[in-house]
2 protein chains.
Amino acid sequence: MKQAKRVAQDELKKPDRRVHRSRRTLHEALLALTVERGYDAVTVQQVLDRAEVARSTFYAHFRDKEDLLLAGFQEMRGALPGNLFAVVGAGHSGYPDFGLALFRHIDAQRALAKAFLGSTAGNIVYNHLRNILVVETREWLSTCKIKVAKGIPPELVVQHVAGSLFALLTWWVDHDFPHTPEKMGTISQQLIIAGLEGMAAPAK
Amino acid sequence: MKQAKRVAQDELKKPDRRVHRSRRTLHEALLALTVERGYDAVTVQQVLDRAEVARSTFYAHFRDKEDLLLAGFQEMRGALPGNLFAVVGAGHSGYPDFGLALFRHIDAQRALAKAFLGSTAGNIVYNHLRNILVVETREWLSTCKIKVAKGIPPELVVQHVAGSLFALLTWWVDHDFPHTPEKMGTISQQLIIAGLEGMAAPAK
DNA sequence: CGGTTTTCGAACATCGTGTATGATAAAAAA
DNA sequence: TTTTTTATCATACACGATGTTCGAAAACCG
């Protein structure tokens with residue numbers, strides 16, 4: 001009932017002022033509290049208090065805390081760059097700077113990143129973002145010209161790239177952005193594409 | 001009081017039969033339930049019912065669910081190989097098979113892995129294991145002869161390697177071990193050490 | 001303005017947590 | 001075996017969070 005109403009309003013462009021206000025305040029409260037205590041530790045009650053919204057109002061809009069979170073993601077989905085692997089330019093190595101766009105995007109949203117990429121982020125957030133990264137990586141790899149050693153299942157390459165990127169990304173966020181997005185992009189590219197030694201010559 | 005007793009018993013080798021039995025069944029129950037529903041979804045009450053242990057007994061031994069979990073880790077810590085990066089032998093590429101021991105170890109404990117490495121694992125478990133991997137990787141990298149391109153902070157190399165390994169590992173577990181540990185070891189080595197192309201020659 | 005829709009506040013049932021206590025059963029010590 | 005120690009049990013309790021319901025008040029929109 002409310003659910004259907006909500007969708008209708010979103011698409012028919014008829015957002016009651018009160019509705020928009022409630023939803024916006026709740027999202028803001030969740031974000032702020034997540035930054036402070038970490039998503040898992042945040043309770044619905046705390047969101048209610050912070051947002052100064054009645055309990056019944058919350059449940060008129062969202063099923064639970066996770067619903068509020070995901071709805072927030074969906075709303076900011078438009079703000080996401082269409083493709084996180086946009087080729088910004090040619091790096092020194094001659095490869096496209098496939099990681100740069102990603103790091104720049106995160107850099108532009110430090111507040112959000114701190115909340116949802118740092119160690120304060122809960123499982124749901126974590127998996128959600130990790131999944132986005134995996135999907136993007138899979139797409140990118142299927143349409144780029146980088147060759148992979150034979151015998152390696154493509155999916156494992158995806159996991160490798162996305163796993164490394166995610167690790168670098170979360171480290172960067174958790175340590176308060178100690179390097180420029182450009183440097184992070186270059187480094188991730190070197191590590192992932194060129195390998196640890198820059199050359200594949202066997203050691204010793 | 002109980003806490004002190006417990007430690008004393010552990011170290012003085014005087015474990016009351018009942019104590020050992022309680023703790024063991026509680027651990028087993030948590031493990032089983034975690035496999036079934038995922039760690040986060042498991043409640044203390046469910047553990048109690050499954051283990052057929054009184055509520056008060058549980059809290060006489062553990063502070064909460066997490067305490068039970070970590071105590072379990074500590075007990076099985078002895079079963080862990082001293083170093084997950086043991087060089088098993090020389091791979092085809094001439095590099096030590098640094099990933100093989102890891103995959104073999106996980107392969108030998110599929111039940112545990114399913115519970116604590118799969119998507120059913122909660123944040124605590126997730127971070128805990130990820131951290132072990134990071135620490136091991138850091139140590140290994142500091143004592144091995146692999147050279148890294150200059151200008152890359154060592155910690156980022158650690159994050160890269162551990163991140164990739166963790167991603168490959170969880171994928172492998174989540175997909176029910178579709179490859180042999182040997183193949184996974186070889187692949188991870190190729191991806192991480194040799195890079196995506198096996199050669200660092202710029203494409204195009 | 002006046003009808004519609006949202007919000008509010010309060011109450012309620014439910015569930016999980018963590019603590020306390022005295023009785024009971026089992027283990028260790030004598 | 002008897003005694004003493006100690007863990008377990010069952011129950012009860014206080015607390016906090018969840019999600020639902022409902023009528024009255026307020027805000028919105030035309």
# chains A, B, ... in the order shown; residues from 1 in each chain; ligands from 1
call {"tool": "select_by_dssp", "arguments": {"residues": "stretch 8-159 of chain B", "states": "alpha helix (DSSP H)", "output": "ChimeraX atom specification"}}
result
/B:8-12,17-37,44-51,55-61,65-76,100-107,110-116,123-142,154-159
call {"tool": "residues_around", "arguments": {"residues": "C:DA25", "least_positions_apart": "6", "cutoff": "9 Å", "atoms": "only C-alpha atoms (C1' of nucleotides)", "output": "PDB file with N, CA and C atoms (P, O5', C5', C4', C3', O3' and C1' of nucleotides), in the first residue's frame"}}
result
ATOM      1  P    DA D   7      33.569 -24.519  38.582  1.00  0.00           P
ATOM      2  O5'  DA D   7      32.672 -25.142  37.428  1.00  0.00           O
ATOM      3  C5'  DA D   7      32.928 -26.462  36.987  1.00  0.00           C
ATOM      4  C4'  DA D   7      31.639 -27.094  36.491  1.00  0.00           C
ATOM      5  C3'  DA D   7      30.847 -26.207  35.544  1.00  0.00           C
ATOM      6  O3'  DA D   7      30.429 -26.976  34.431  1.00  0.00           O
ATOM      7  C1'  DA D   7      29.489 -26.831  37.394  1.00  0.00           C
ATOM      8  P    DT D   8      29.652 -26.268  33.215  1.00  0.00           P
ATOM      9  O5'  DT D   8      28.143 -26.654  33.499  1.00  0.00           O
ATOM     10  C5'  DT D   8      27.779 -28.028  33.552  1.00  0.00           C
ATOM     11  C4'  DT D   8      26.381 -28.148  34.131  1.00  0.00           C
ATOM     12  C3'  DT D   8      25.313 -27.407  33.326  1.00  0.00           C
ATOM     13  O3'  DT D   8      24.441 -28.370  32.752  1.00  0.00           O
ATOM     14  C1'  DT D   8      25.066 -27.058  35.675  1.00  0.00           C
ATOM     15  P    DC D   9      23.383 -27.896  31.620  1.00  0.00           P
ATOM     16  O5'  DC D   9      22.072 -27.627  32.485  1.00  0.00           O
ATOM     17  C5'  DC D   9      21.598 -28.652  33.334  1.00  0.00           C
ATOM     18  C4'  DC D   9      20.529 -28.101  34.286  1.00  0.00           C
ATOM     19  C3'  DC D   9      19.437 -27.302  33.587  1.00  0.00           C
ATOM     20  O3'  DC D   9      18.206 -28.017  33.678  1.00  0.00           O
ATOM     21  C1'  DC D   9      20.218 -26.235  35.605  1.00  0.00           C
TER      22       DC D   9
END
call {"tool": "residues_around", "arguments": {"residues": "stretch 30-46 of chain A", "least_positions_apart": "4", "cutoff": "9 Å", "atoms": "only C-alpha atoms (C1' of nucleotides)", "output": "list in words"}}
result
Thr25, Leu26, Arg50, Ala51, Arg55, Phe58, Asp64, Lys65, Leu68, Leu69, Ala111, Leu112, Lys114, Ala115, Phe116, Gly118, Ser119, Thr120, Ala121, Gly122, Asn123 and Val125 of chain A; DA17 and DT18 of chain D
call {"tool": "residues_around", "arguments": {"residues": "D:DA12", "least_positions_apart": "4", "cutoff": "12 Å", "atoms": "only C-alpha atoms (C1' of nucleotides)", "output": "list of chain:residue names"}}
result
B:Ser56, C:DT19, C:DA20, C:DT21, C:DG22
call {"tool": "write_last_selection", "arguments": {"atoms": "C-alpha atoms (C1' of nucleotides)", "output": "CSV table (one decimal), in the first residue's frame"}}
result
chain,number,residue,atom,x,y,z
B,56,SER,CA,23.3,-19.3,32.7
C,19,DT,C1',22.3,-11.1,35.1
C,20,DA,C1',21.0,-13.2,39.5
C,21,DT,C1',19.8,-17.1,42.5
C,22,DG,C1',18.9,-21.3,44.9
call {"tool": "interface_residues", "arguments": {"of": "chain C", "to": "chain A", "cutoff": "8 Å", "atoms": "only C-alpha atoms (C1' of nucleotides)", "output": "PDB file with C-alpha atoms (C1' of nucleotides), in the first residue's frame"}}
result
ATOM      1  C1'  DT C   6       0.978  12.354   6.260  1.00  0.00           C
ATOM      2  C1'  DT C   7       2.719  12.597  10.628  1.00  0.00           C
ATOM      3  C1'  DC C   8       2.524  11.996  15.408  1.00  0.00           C
ATOM      4  C1'  DG C   9       2.372   9.801  19.875  1.00  0.00           C
TER       5       DG C   9
END
call {"tool": "atom_distance", "arguments": {"atom1": "atom CA of A:Glu75", "atom2": "atom CA of A:His128"}}
result
14.7 Å
call {"tool": "closest_atom_pairs", "arguments": {"of": "chain D", "to": "chain A", "cutoff": "12 Å", "atoms": "only C-alpha atoms (C1' of nucleotides)", "output": "CSV"}}
result
residue,atom,partner,partner_atom,distance
D:DG16,C1',A:Gln45,CA,10.0
D:DA17,C1',A:Gln45,CA,7.5
D:DT18,C1',A:Val44,CA,8.5
D:DG19,C1',A:Tyr59,CA,7.8
D:DT20,C1',A:Ser56,CA,8.6
D:DT21,C1',A:Ser56,CA,9.3
D:DC22,C1',A:Ser56,CA,10.7
D:DA26,C1',A:Arg18,CA,11.0
D:DA27,C1',A:Arg18,CA,7.6
D:DC28,C1',A:Asp16,CA,7.2
D:DC29,C1',A:Asp16,CA,8.8
call {"tool": "closest_residue", "arguments": {"among": "A:Cys144, A:Ile187, A:Val134, A:Ile193", "to": "B:Trp171", "atoms": "only C-alpha atoms"}}
result
A:Val134
call {"tool": "closest_residue", "arguments": {"among": "A:Ala149, A:Leu133, A:Val158, A:Val173", "to": "chain B", "atoms": "only C-alpha atoms"}}
result
A:Ala149
call {"tool": "atom_distance", "arguments": {"atom1": "atom C1' of D:DT3", "atom2": "atom CA of B:Arg23"}}
result
27.9 Å
call {"tool": "residues_around", "arguments": {"residues": "D:DT4", "least_positions_apart": "4", "cutoff": "10 Å", "atoms": "only C-alpha atoms (C1' of nucleotides)", "output": "list of chain:residue names"}}
result
C:DA28, C:DA29, C:DA30
call {"tool": "closest_residue", "arguments": {"among": "B:Thr170, B:Gln159, B:Thr180, B:Ile132", "to": "chain A", "atoms": "only C-alpha atoms"}}
result
B:Gln159
call {"tool": "residues_around", "arguments": {"residues": "A:His160", "least_positions_apart": "4", "cutoff": "7 Å", "atoms": "only C-alpha atoms (C1' of nucleotides)", "output": "NGL selection string"}}
result
(:A and (156 or 164)) or (:B and (164 or 167-168))
call {"tool": "atom_distance", "arguments": {"atom1": "atom CA of A:Leu141", "atom2": "atom CA of A:Glu155"}}
result
9.9 Å
call {"tool": "closest_residue", "arguments": {"among": "A:Leu169, A:Val148, A:Ala29, A:Met184", "to": "chain B", "atoms": "only C-alpha atoms"}}
result
A:Val148
call {"tool": "decode", "arguments": {"residues": "stretch 125-164 of chain B", "atoms": "N, CA and C atoms", "output": "JSON list (two decimals), in the first residue's frame"}}
result
[["chain", "number", "residue", "atom", "x", "y", "z"],
["B", 125, "VAL", "N", 33.94, -12.36, 11.62],
["B", 125, "VAL", "CA", 34.70, -13.46, 11.07],
["B", 125, "VAL", "C", 35.47, -13.01, 9.86],
["B", 126, "TYR", "N", 34.74, -12.33, 9.02],
["B", 126, "TYR", "CA", 35.31, -11.83, 7.78],
["B", 126, "TYR", "C", 36.58, -11.02, 8.04],
["B", 127, "ASN", "N", 36.45, -10.00, 8.86],
["B", 127, "ASN", "CA", 37.59, -9.13, 9.14],
["B", 127, "ASN", "C", 38.71, -9.89, 9.85],
["B", 128, "HIS", "N", 38.31, -10.79, 10.72],
["B", 128, "HIS", "CA", 39.30, -11.56, 11.47],
["B", 128, "HIS", "C", 40.21, -12.35, 10.53],
["B", 129, "LEU", "N", 39.58, -13.09, 9.64],
["B", 129, "LEU", "CA", 40.36, -13.92, 8.73],
["B", 129, "LEU", "C", 41.12, -13.06, 7.72],
["B", 130, "ARG", "N", 40.46, -12.00, 7.30],
["B", 130, "ARG", "CA", 41.12, -11.13, 6.35],
["B", 130, "ARG", "C", 42.39, -10.56, 6.98],
["B", 131, "ASN", "N", 42.27, -10.27, 8.25],
["B", 131, "ASN", "CA", 43.41, -9.69, 8.95],
["B", 131, "ASN", "C", 44.56, -10.69, 9.08],
["B", 132, "ILE", "N", 44.21, -11.91, 9.39],
["B", 132, "ILE", "CA", 45.25, -12.94, 9.46],
["B", 132, "ILE", "C", 46.00, -12.99, 8.14],
["B", 133, "LEU", "N", 45.24, -12.94, 7.07],
["B", 133, "LEU", "CA", 45.84, -13.02, 5.74],
["B", 133, "LEU", "C", 46.76, -11.83, 5.48],
["B", 134, "VAL", "N", 46.32, -10.67, 5.90],
["B", 134, "VAL", "CA", 47.13, -9.47, 5.69],
["B", 134, "VAL", "C", 48.44, -9.57, 6.47],
["B", 135, "VAL", "N", 48.33, -10.01, 7.71],
["B", 135, "VAL", "CA", 49.53, -10.11, 8.54],
["B", 135, "VAL", "C", 50.51, -11.12, 7.96],
["B", 136, "GLU", "N", 49.98, -12.26, 7.56],
["B", 136, "GLU", "CA", 50.84, -13.30, 6.98],
["B", 136, "GLU", "C", 51.51, -12.79, 5.71],
["B", 137, "THR", "N", 50.71, -12.11, 4.91],
["B", 137, "THR", "CA", 51.26, -11.58, 3.65],
["B", 137, "THR", "C", 52.36, -10.57, 3.92],
["B", 138, "ARG", "N", 52.12, -9.71, 4.89],
["B", 138, "ARG", "CA", 53.12, -8.68, 5.20],
["B", 138, "ARG", "C", 54.43, -9.32, 5.61],
["B", 139, "GLU", "N", 54.31, -10.32, 6.48],
["B", 139, "GLU", "CA", 55.51, -11.02, 6.93],
["B", 139, "GLU", "C", 56.24, -11.69, 5.78],
["B", 140, "TRP", "N", 55.45, -12.36, 4.99],
["B", 140, "TRP", "CA", 56.05, -13.11, 3.89],
["B", 140, "TRP", "C", 56.77, -12.18, 2.92],
["B", 141, "LEU", "N", 56.12, -11.07, 2.61],
["B", 141, "LEU", "CA", 56.71, -10.15, 1.64],
["B", 141, "LEU", "C", 58.00, -9.53, 2.15],
["B", 142, "SER", "N", 58.08, -9.39, 3.48],
["B", 142, "SER", "CA", 59.27, -8.74, 4.02],
["B", 142, "SER", "C", 60.46, -9.70, 4.07],
["B", 143, "THR", "N", 60.19, -10.96, 3.90],
["B", 143, "THR", "CA", 61.30, -11.92, 3.98],
["B", 143, "THR", "C", 61.48, -12.70, 2.69],
["B", 144, "CYS", "N", 60.87, -12.23, 1.63],
["B", 144, "CYS", "CA", 61.06, -12.95, 0.38],
["B", 144, "CYS", "C", 61.79, -12.06, -0.60],
["B", 145, "LYS", "N", 62.23, -12.66, -1.62],
["B", 145, "LYS", "CA", 63.15, -11.92, -2.51],
["B", 145, "LYS", "C", 62.47, -11.25, -3.70],
["B", 146, "ILE", "N", 61.15, -11.25, -3.69],
["B", 146, "ILE", "CA", 60.47, -10.65, -4.82],
["B", 146, "ILE", "C", 60.60, -9.13, -4.80],
["B", 147, "LYS", "N", 61.03, -8.61, -5.89],
["B", 147, "LYS", "CA", 61.23, -7.16, -5.97],
["B", 147, "LYS", "C", 59.96, -6.49, -6.47],
["B", 148, "VAL", "N", 59.73, -5.33, -5.94],
["B", 148, "VAL", "CA", 58.54, -4.58, -6.32],
["B", 148, "VAL", "C", 58.95, -3.28, -6.99],
["B", 149, "ALA", "N", 58.17, -2.87, -7.93],
["B", 149, "ALA", "CA", 58.46, -1.60, -8.61],
["B", 149, "ALA", "C", 58.62, -0.48, -7.59],
["B", 150, "LYS", "N", 59.59, 0.35, -7.81],
["B", 150, "LYS", "CA", 59.83, 1.47, -6.89],
["B", 150, "LYS", "C", 58.65, 2.44, -6.89],
["B", 151, "GLY", "N", 58.56, 3.14, -5.79],
["B", 151, "GLY", "CA", 57.51, 4.16, -5.71],
["B", 151, "GLY", "C", 56.20, 3.62, -5.19],
["B", 152, "ILE", "N", 56.12, 2.31, -5.01],
["B", 152, "ILE", "CA", 54.89, 1.74, -4.48],
["B", 152, "ILE", "C", 55.07, 1.45, -2.99],
["B", 153, "PRO", "N", 54.28, 2.09, -2.15],
["B", 153, "PRO", "CA", 54.37, 1.85, -0.70],
["B", 153, "PRO", "C", 54.19, 0.36, -0.42],
["B", 154, "PRO", "N", 55.07, -0.22, 0.37],
["B", 154, "PRO", "CA", 55.00, -1.65, 0.67],
["B", 154, "PRO", "C", 53.64, -2.08, 1.19],
["B", 155, "GLU", "N", 53.03, -1.24, 1.98],
["B", 155, "GLU", "CA", 51.74, -1.62, 2.55],
["B", 155, "GLU", "C", 50.69, -1.82, 1.46],
["B", 156, "LEU", "N", 50.82, -1.07, 0.38],
["B", 156, "LEU", "CA", 49.86, -1.23, -0.70],
["B", 156, "LEU", "C", 50.07, -2.55, -1.43],
["B", 157, "VAL", "N", 51.31, -2.97, -1.48],
["B", 157, "VAL", "CA", 51.59, -4.27, -2.08],
["B", 157, "VAL", "C", 50.95, -5.36, -1.24],
["B", 158, "VAL", "N", 51.09, -5.21, 0.08],
["B", 158, "VAL", "CA", 50.47, -6.17, 0.99],
["B", 158, "VAL", "C", 48.97, -6.23, 0.76],
["B", 159, "GLN", "N", 48.35, -5.06, 0.71],
["B", 159, "GLN", "CA", 46.90, -5.01, 0.52],
["B", 159, "GLN", "C", 46.51, -5.65, -0.82],
["B", 160, "HIS", "N", 47.29, -5.39, -1.81],
["B", 160, "HIS", "CA", 47.02, -5.95, -3.13],
["B", 160, "HIS", "C", 47.06, -7.47, -3.10],
["B", 161, "VAL", "N", 48.14, -8.01, -2.56],
["B", 161, "VAL", "CA", 48.31, -9.46, -2.54],
["B", 161, "VAL", "C", 47.25, -10.12, -1.66],
["B", 162, "ALA", "N", 47.08, -9.59, -0.46],
["B", 162, "ALA", "CA", 46.11, -10.19, 0.46],
["B", 162, "ALA", "C", 44.70, -10.04, -0.08],
["B", 163, "GLY", "N", 44.43, -8.90, -0.67],
["B", 163, "GLY", "CA", 43.10, -8.68, -1.23],
["B", 163, "GLY", "C", 42.79, -9.66, -2.35],
["B", 164, "SER", "N", 43.73, -9.86, -3.20],
["B", 164, "SER", "CA", 43.53, -10.82, -4.29],
["B", 164, "SER", "C", 43.36, -12.23, -3.75]]
